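Chemist: One structure, pasted below without further comment.
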Amino acid sequence: MRLTAAANALYMYHECSAPPVHLIRVARNVRCAVDSIEKLGRLLLTMAMVRPDKRRRIMAAVLPDDLLLSEVLVHLPVKSLALFKSVCRSWRAGIADPAFVRRHLQLSRARRPPTALAIAREVDTDDGFATSGEISFHRLLLLPGPAAAPQTAELMLDKAWPEGITRLISPAHCDGLVAVATPTDSVFVCNPATGEFVALPPATHNAETDHRDELLVPPVALGFDQWRNRYVIARYFYRRYGEIFFDEETGEYTQDYDIGHEVFTLGAGGSWERTEDPPHAVGPQRPMRTRRAFYWHADVPRPRLLRFGLQDRTFDVVPRPPTGWNSVDAMTELDDGKLLCYVHAAGDASFQVWLADDDAPTLRWSLRCRIDVPDASPNTVYNLMPVMAGGDEDELVAAVGNKLCRCNVRRGAMEEVVDMANELWYARQDRSKRTYKSCISEHHLVPYIESLVSIS
């Protein structure tokens, strides 16, 4: 809050007769004059009370640009920084500097409580290719303690897209960027905080969508390639996709298929690049993203994990948890990609949470806990989609259907945070709110970190 007060004061300077650049360029030794951000905030508020001519003299040896950027502005939300970029050229250049963007991202990662990004979509159960002319992104603050319903999700971006975006989507997140996959081979990327939203060049057609009966969105993976200093999106595609059969004698699946894999490098201005083909058929489960690799789930001939290394861009087969396989098994990454999390559906309403360290030479899975859905309805199959780590090391935030839940992995307990379909209100641009009670909807959740990272 002290930083926000300082920011408000700086914005007041922008509105008065003496522009902020005259207040900040005259400073040379702020650490002697102000020994904390709290004092700096009080000083800025005081300066807003005095005459412009006196203000310039008082600030003549107080606040240099570099200190203001590194000690004050870097702590502010993206919305405030968008305003301050218009103050002067030096601020615009400083906020756009890669070092500033990286430091702002580091601070955003450390903020608590954690936040999730919610993308609600009305769906047409009869048409998997039905489209909508808009897409909205909402931020949901995950406060500690029992949640009071109803809650309101903050609108981050409401984007109109007249060409249409399929109502069925599959999102992925990394460092404030969100990739949105669709069943039509179109992939969109946005930064909800900055408002950037782009459609990537056409990807290779995935024949899987031509042959599967159920509503299907092949997912994409989004991550940061530290070896090339670029964000990349990866997707698989089938050149040929045949029917899957189960061989009771061998206990394995068989399929006639031909699969490929491609990546798109953001900011490079190019097109999708083919990589080596995956060694096995890839399933539609959401992949895991770590600091070193993407992990895809393979079903044929038997369940396994395929690791796509970001450095060498090759595939390896790696161990999966020593469990059976269920079609509602789910995966995600935790702790900024340091941990892999695999949730195995051991029963209709019973789940096992397995963790592995991505930094280890080989994946060693350990059973973290077992979780049962409380008050589960008989003969109902539940799915538990892990979203992110919670406010402490023992908490896992997950979606169970359209309900957002907290799971205590130490005690194996689960509590509902909010029913997103019936209790969650979504803010709109005209300051109204809406729910999705009266329609069939899907509520996608990804972890969210506000950032200045640019798509281009």
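By convention in this document, the chains of the structure tokens carry letters A, B, ... by their order, each chain's residues are numbered from 1, and ligands are numbered from 1 in the order they are shown.
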Name all residues at most 7 Å from Leu155 of chain A (count only C-alpha atoms; drop same-chain ones fewer than 2 positions away) and give them as a list in words.

Modeler: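 With the cut-off at 7 Å, the set is Phe137, His138, Arg139, Ala153, Leu157, Ala427 and Arg428 of chain A.
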
Chemist: From the DSSP assignment of the backbone, select every residue of segment 207-442 of chain A that is helix (DSSP H, G or I), and format the answer as a PyMOL selection string.

Modeler: chain A and resi 208-211

Chemist: Pull N, CA, C and O atoms from the residues just selected and write them as a PDB file, in the first residue's frame.

Modeler:
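For reference, selection_14.pdb as written:
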```
ATOM      1  N   GLU A 208      -6.363 -35.708 -35.808  1.00  0.00           N
ATOM      2  CA  GLU A 208      -7.066 -36.275 -34.650  1.00  0.00           C
ATOM      3  C   GLU A 208      -8.461 -35.687 -34.513  1.00  0.00           C
ATOM      4  O   GLU A 208      -9.411 -36.382 -34.123  1.00  0.00           O
ATOM      5  N   THR A 209      -8.602 -34.396 -34.806  1.00  0.00           N
ATOM      6  CA  THR A 209      -9.897 -33.730 -34.643  1.00  0.00           C
ATOM      7  C   THR A 209     -10.908 -34.177 -35.692  1.00  0.00           C
ATOM      8  O   THR A 209     -12.100 -33.901 -35.551  1.00  0.00           O
ATOM      9  N   ASP A 210     -10.455 -34.862 -36.729  1.00  0.00           N
ATOM     10  CA  ASP A 210     -11.376 -35.332 -37.769  1.00  0.00           C
ATOM     11  C   ASP A 210     -12.011 -36.669 -37.422  1.00  0.00           C
ATOM     12  O   ASP A 210     -13.023 -37.048 -38.025  1.00  0.00           O
ATOM     13  N   HIS A 211     -11.420 -37.381 -36.447  1.00  0.00           N
ATOM     14  CA  HIS A 211     -11.835 -38.765 -36.230  1.00  0.00           C
ATOM     15  C   HIS A 211     -12.349 -39.059 -34.831  1.00  0.00           C
ATOM     16  O   HIS A 211     -12.928 -40.109 -34.610  1.00  0.00           O
TER      17      HIS A 211
END
```

Chemist: So that I can see what lies close to Leu355 of chain A, please list as JSON, numbers by chain the residues with an atom at most 9 Å from it, counting only C-alpha atoms and leaving out residues fewer than 6 positions away in the same chain.

Modeler: {"A": [321, 339, 340, 341, 342, 343, 364, 365, 366, 367, 368]}

Chemist: Output C-alpha atoms for every residue in that selection, as a tab-separated table (two decimals), in the first residue's frame.

Modeler:
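Output saved as again37.tsv:
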```tsv
chain	number	residue	atom	x	y	z
A	321	PRO	CA	4.06	-42.74	-11.55
A	339	LEU	CA	8.06	-29.89	-9.58
A	340	LEU	CA	5.91	-32.18	-11.69
A	341	CYS	CA	2.48	-33.03	-10.34
A	342	TYR	CA	0.52	-36.05	-11.57
A	343	VAL	CA	-2.99	-36.74	-10.27
A	364	ARG	CA	11.61	-40.26	-9.15
A	365	TRP	CA	7.92	-40.11	-8.32
A	366	SER	CA	6.73	-40.05	-4.72
A	367	LEU	CA	3.16	-40.38	-3.51
A	368	ARG	CA	2.35	-37.11	-1.73
```

Chemist: Can you tell me how far atom CA of Ala193 of chain A sits from atom CA of Thr115 of chain A, in Å to one decimal?

Modeler: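 Interatomic distance, atom CA of Ala193 of chain A to atom CA of Thr115 of chain A: 13.1 Å.
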
Chemist: Write out as a VMD selection string the residues lying within 9 Å of Asn408 of chain A, counting only C-alpha atoms and excluding same-chain residues fewer than 4 positions away.

Modeler: chain A and resid 369 371 394 to 397 412 to 415

Chemist: Can you measure atom CA of Gly401 of chain A to atom CA of Asp329 of chain A for me? One decimal in Å is fine.

Modeler: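 Going from atom CA of Gly401 of chain A over to atom CA of Asp329 of chain A, I get 13.2 Å.
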
Chemist: Smallest atom-to-atom distance to Arg434 of chain A: which of A:Ser80, A:Thr265, A:Gln151, A:Ser271, using only C-alpha atoms?

Modeler: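 Looking only at the distances to Arg434 of chain A, the closest residue turns out to be A:Gln151.
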
Chemist: Please tabulate, as JSON lines, the residues of segment 107-146 of chain A that come within 9 Å of segment 443-448 of chain A, each with its closest pair of atoms and the distance in Å to one decimal, counting only C-alpha atoms and ordering rows by chain, then residue number upward.

Modeler:
```
{"residue": "A:Pro114", "atom": "CA", "partner": "A:Tyr448", "partner_atom": "CA", "distance": 7.8}
{"residue": "A:Thr115", "atom": "CA", "partner": "A:Tyr448", "partner_atom": "CA", "distance": 5.6}
{"residue": "A:Ala116", "atom": "CA", "partner": "A:Pro447", "partner_atom": "CA", "distance": 4.5}
{"residue": "A:Leu117", "atom": "CA", "partner": "A:Val446", "partner_atom": "CA", "distance": 5.4}
{"residue": "A:Ala118", "atom": "CA", "partner": "A:Leu445", "partner_atom": "CA", "distance": 4.8}
{"residue": "A:Ile119", "atom": "CA", "partner": "A:His444", "partner_atom": "CA", "distance": 5.0}
{"residue": "A:Ala120", "atom": "CA", "partner": "A:His443", "partner_atom": "CA", "distance": 4.4}
{"residue": "A:Arg121", "atom": "CA", "partner": "A:His443", "partner_atom": "CA", "distance": 6.5}
{"residue": "A:Glu122", "atom": "CA", "partner": "A:His443", "partner_atom": "CA", "distance": 8.9}
{"residue": "A:Arg139", "atom": "CA", "partner": "A:Tyr448", "partner_atom": "CA", "distance": 7.7}
{"residue": "A:Leu140", "atom": "CA", "partner": "A:Tyr448", "partner_atom": "CA", "distance": 9.0}
```

Chemist: Could you take the residues named above and write them with N, CA, C and O atoms, as a compact mmCIF listing (two decimals), in the first residue's frame?

Modeler:
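Contents of part-v5.txt, as written:
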```
# COMPACT_ATOMS: atom_id res chain seq x y z
N PRO A 114 -1.71 -16.29 -3.92
CA PRO A 114 -1.62 -16.59 -5.35
C PRO A 114 -2.91 -16.22 -6.08
O PRO A 114 -3.97 -16.07 -5.47
N THR A 115 -2.79 -16.07 -7.38
CA THR A 115 -3.96 -15.75 -8.20
C THR A 115 -4.07 -16.76 -9.34
O THR A 115 -3.08 -17.32 -9.79
N ALA A 116 -5.30 -16.96 -9.77
CA ALA A 116 -5.56 -17.83 -10.91
C ALA A 116 -6.25 -17.00 -11.99
O ALA A 116 -6.89 -15.98 -11.71
N LEU A 117 -6.11 -17.43 -13.22
CA LEU A 117 -6.78 -16.78 -14.34
C LEU A 117 -7.92 -17.68 -14.78
O LEU A 117 -7.72 -18.87 -15.07
N ALA A 118 -9.11 -17.12 -14.79
CA ALA A 118 -10.31 -17.87 -15.15
C ALA A 118 -10.79 -17.44 -16.54
O ALA A 118 -10.87 -16.24 -16.83
N ILE A 119 -11.08 -18.42 -17.36
CA ILE A 119 -11.62 -18.16 -18.70
C ILE A 119 -12.91 -18.96 -18.81
O ILE A 119 -12.88 -20.20 -18.91
N ALA A 120 -14.03 -18.28 -18.76
CA ALA A 120 -15.34 -18.94 -18.82
C ALA A 120 -15.86 -18.92 -20.25
O ALA A 120 -15.78 -17.89 -20.93
N ARG A 121 -16.37 -20.06 -20.69
CA ARG A 121 -16.88 -20.16 -22.07
C ARG A 121 -18.22 -20.90 -22.07
O ARG A 121 -18.35 -21.98 -21.50
N GLU A 122 -19.21 -20.29 -22.70
CA GLU A 122 -20.43 -21.03 -23.00
C GLU A 122 -20.11 -22.05 -24.08
O GLU A 122 -19.38 -21.75 -25.02
N ARG A 139 -9.21 -12.42 -13.38
CA ARG A 139 -8.29 -12.79 -12.30
C ARG A 139 -9.08 -13.12 -11.04
O ARG A 139 -9.97 -12.38 -10.63
N LEU A 140 -8.71 -14.25 -10.42
CA LEU A 140 -9.38 -14.72 -9.22
C LEU A 140 -8.35 -14.78 -8.10
O LEU A 140 -7.38 -15.53 -8.17
```

Chemist: Identify, on the basis of only C-alpha atoms, every residue whose closest approach to Met288 of chain A does not exceed 7 Å; exclude the query and any residue fewer than 3 positions from it along the same chain; express the result as a ChimeraX atom specification.

Modeler: /A:294-296,331-333

Chemist: Keeping only C-alpha atoms, write the selected residues to a file as a CSV table (one decimal), in the first residue's frame.

Modeler:
```csv
chain,number,residue,atom,x,y,z
A,294,PHE,CA,7.6,-30.1,-21.9
A,295,TYR,CA,6.0,-33.4,-20.8
A,296,TRP,CA,3.4,-35.0,-22.9
A,331,MET,CA,-0.9,-33.2,-14.8
A,332,THR,CA,0.5,-29.8,-14.1
A,333,GLU,CA,3.7,-28.1,-12.8
```

Chemist: What does the distance from atom CA of Pro386 of chain A to atom CA of Val317 of chain A come to in Å, to one decimal?

Modeler: 22.9 Å

Chemist: Name the residues in contact with Pro301 of chain A at a cut-off of 12 Å, using only C-alpha atoms, excluding same-chain residues fewer than 6 positions from it; report them as a list of chain:residue names.

Modeler: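 Answer for this query is A:Ile244, A:Phe245, A:Phe246, A:Asp247, A:Thr250, A:Gly251, A:Glu252, A:Tyr253, A:Thr254, A:Gln255, A:Asp256, A:Tyr257, A:Pro279, A:His280, A:Ala281, A:Val282, A:Gly283.
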
Chemist: Would you write out those residues with all heavy atoms, as a short mmCIF file (atom, residue, chain, number, x, y, z; two decimals), in the first residue's frame?

Modeler:
```
data_model
loop_
_atom_site.label_atom_id
_atom_site.label_comp_id
_atom_site.auth_asym_id
_atom_site.auth_seq_id
_atom_site.Cartn_x
_atom_site.Cartn_y
_atom_site.Cartn_z
N ILE A 244 -8.27 -46.63 -32.25
CA ILE A 244 -7.48 -47.26 -31.19
C ILE A 244 -8.16 -48.55 -30.75
O ILE A 244 -9.37 -48.58 -30.49
CB ILE A 244 -7.32 -46.30 -29.99
CG1 ILE A 244 -6.62 -45.01 -30.42
CG2 ILE A 244 -6.51 -46.97 -28.87
CD1 ILE A 244 -6.52 -43.98 -29.31
N PHE A 245 -7.36 -49.63 -30.66
CA PHE A 245 -7.87 -50.92 -30.22
C PHE A 245 -7.08 -51.37 -28.99
O PHE A 245 -5.90 -51.07 -28.85
CB PHE A 245 -7.73 -51.97 -31.32
CG PHE A 245 -8.50 -51.66 -32.57
CD1 PHE A 245 -7.89 -51.01 -33.64
CD2 PHE A 245 -9.84 -52.02 -32.68
CE1 PHE A 245 -8.59 -50.72 -34.79
CE2 PHE A 245 -10.55 -51.74 -33.84
CZ PHE A 245 -9.93 -51.09 -34.89
N PHE A 246 -7.77 -52.12 -28.13
CA PHE A 246 -7.10 -52.68 -26.94
C PHE A 246 -6.92 -54.18 -27.13
O PHE A 246 -7.88 -54.90 -27.43
CB PHE A 246 -7.91 -52.41 -25.68
CG PHE A 246 -7.28 -52.95 -24.43
CD1 PHE A 246 -6.14 -52.38 -23.90
CD2 PHE A 246 -7.83 -54.07 -23.79
CE1 PHE A 246 -5.55 -52.88 -22.75
CE2 PHE A 246 -7.25 -54.58 -22.63
CZ PHE A 246 -6.10 -53.98 -22.12
N ASP A 247 -5.68 -54.64 -26.98
CA ASP A 247 -5.35 -56.04 -27.13
C ASP A 247 -5.37 -56.69 -25.74
O ASP A 247 -4.51 -56.43 -24.91
CB ASP A 247 -3.97 -56.20 -27.77
CG ASP A 247 -3.67 -57.64 -28.16
OD1 ASP A 247 -4.15 -58.56 -27.46
OD2 ASP A 247 -2.95 -57.84 -29.15
N THR A 250 -2.10 -58.84 -24.79
CA THR A 250 -0.87 -58.11 -24.43
C THR A 250 -1.12 -57.03 -23.39
O THR A 250 -0.19 -56.55 -22.75
CB THR A 250 -0.24 -57.47 -25.67
OG1 THR A 250 -1.15 -56.48 -26.21
CG2 THR A 250 0.06 -58.51 -26.73
N GLY A 251 -2.39 -56.63 -23.23
CA GLY A 251 -2.70 -55.55 -22.31
C GLY A 251 -2.25 -54.20 -22.82
O GLY A 251 -2.09 -53.25 -22.04
N GLU A 252 -2.08 -54.08 -24.13
CA GLU A 252 -1.62 -52.83 -24.72
C GLU A 252 -2.60 -52.36 -25.79
O GLU A 252 -3.41 -53.13 -26.31
CB GLU A 252 -0.22 -53.00 -25.33
CG GLU A 252 0.87 -53.29 -24.31
CD GLU A 252 2.24 -53.33 -24.95
OE1 GLU A 252 2.31 -53.42 -26.20
OE2 GLU A 252 3.25 -53.25 -24.21
N TYR A 253 -2.49 -51.07 -26.11
CA TYR A 253 -3.31 -50.47 -27.15
C TYR A 253 -2.55 -50.49 -28.48
O TYR A 253 -1.31 -50.41 -28.51
CB TYR A 253 -3.66 -49.03 -26.80
CG TYR A 253 -4.57 -48.90 -25.59
CD1 TYR A 253 -4.03 -48.77 -24.31
CD2 TYR A 253 -5.94 -48.90 -25.73
CE1 TYR A 253 -4.85 -48.65 -23.21
CE2 TYR A 253 -6.78 -48.79 -24.63
CZ TYR A 253 -6.23 -48.66 -23.37
OH TYR A 253 -7.03 -48.55 -22.27
N THR A 254 -3.28 -50.60 -29.56
CA THR A 254 -2.69 -50.51 -30.89
C THR A 254 -3.43 -49.45 -31.70
O THR A 254 -4.62 -49.21 -31.50
CB THR A 254 -2.76 -51.86 -31.62
OG1 THR A 254 -4.14 -52.26 -31.77
CG2 THR A 254 -1.99 -52.94 -30.87
N GLN A 255 -2.71 -48.83 -32.63
CA GLN A 255 -3.30 -47.78 -33.44
C GLN A 255 -2.44 -47.55 -34.67
O GLN A 255 -1.20 -47.62 -34.63
CB GLN A 255 -3.39 -46.46 -32.63
CG GLN A 255 -4.02 -45.31 -33.39
CD GLN A 255 -4.00 -44.01 -32.60
OE1 GLN A 255 -3.22 -43.86 -31.66
NE2 GLN A 255 -4.84 -43.06 -32.97
N ASP A 256 -3.10 -47.29 -35.77
CA ASP A 256 -2.41 -46.89 -36.99
C ASP A 256 -2.37 -45.37 -37.01
O ASP A 256 -3.41 -44.71 -37.10
CB ASP A 256 -3.15 -47.42 -38.22
CG ASP A 256 -2.50 -46.96 -39.52
OD1 ASP A 256 -1.27 -46.79 -39.54
OD2 ASP A 256 -3.24 -46.73 -40.50
N TYR A 257 -1.17 -44.79 -36.89
CA TYR A 257 -1.07 -43.34 -36.82
C TYR A 257 0.26 -42.86 -37.38
O TYR A 257 1.21 -43.64 -37.55
CB TYR A 257 -1.20 -42.86 -35.36
CG TYR A 257 -0.03 -43.26 -34.48
CD1 TYR A 257 1.09 -42.43 -34.36
CD2 TYR A 257 -0.03 -44.47 -33.79
CE1 TYR A 257 2.16 -42.80 -33.56
CE2 TYR A 257 1.03 -44.84 -32.99
CZ TYR A 257 2.13 -44.00 -32.87
OH TYR A 257 3.19 -44.36 -32.11
N PRO A 279 8.15 -40.24 -30.26
CA PRO A 279 8.35 -41.67 -30.47
C PRO A 279 7.09 -42.51 -30.29
O PRO A 279 7.06 -43.67 -30.69
CB PRO A 279 9.40 -42.04 -29.40
CG PRO A 279 9.22 -41.02 -28.33
CD PRO A 279 8.82 -39.76 -29.03
N HIS A 280 6.05 -41.92 -29.70
CA HIS A 280 4.80 -42.64 -29.49
C HIS A 280 3.63 -41.68 -29.70
O HIS A 280 3.80 -40.46 -29.76
CB HIS A 280 4.73 -43.24 -28.08
CG HIS A 280 5.84 -44.22 -27.79
ND1 HIS A 280 5.86 -45.48 -28.31
CD2 HIS A 280 6.96 -44.08 -27.04
CE1 HIS A 280 6.94 -46.11 -27.90
NE2 HIS A 280 7.63 -45.30 -27.12
N ALA A 281 2.44 -42.25 -29.79
CA ALA A 281 1.23 -41.44 -29.95
C ALA A 281 0.99 -40.60 -28.69
O ALA A 281 1.12 -41.10 -27.58
CB ALA A 281 0.03 -42.33 -30.23
N VAL A 282 0.65 -39.35 -28.88
CA VAL A 282 0.42 -38.43 -27.76
C VAL A 282 -1.08 -38.32 -27.51
O VAL A 282 -1.88 -38.22 -28.44
CB VAL A 282 1.02 -37.04 -28.06
CG1 VAL A 282 0.68 -36.05 -26.94
CG2 VAL A 282 2.53 -37.14 -28.25
N GLY A 283 -1.46 -38.33 -26.22
CA GLY A 283 -2.86 -38.20 -25.85
C GLY A 283 -3.25 -36.76 -25.59
O GLY A 283 -2.40 -35.86 -25.49
#
```

Chemist: Between A:Leu142, A:Ile233, A:Val198, A:Leu107, which residue has the minimum interatomic distance to Ala160 of chain A, considering only C-alpha atoms?

Modeler: A:Val198

Chemist: My list of candidates is A:Thr435, A:Gln311, A:Thr152, A:Asn383. Which is closest to Arg228 of chain A when distances are computed with only C-alpha atoms?

Modeler: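 Closest residue, counting only C-alpha atoms: A:Gln311.
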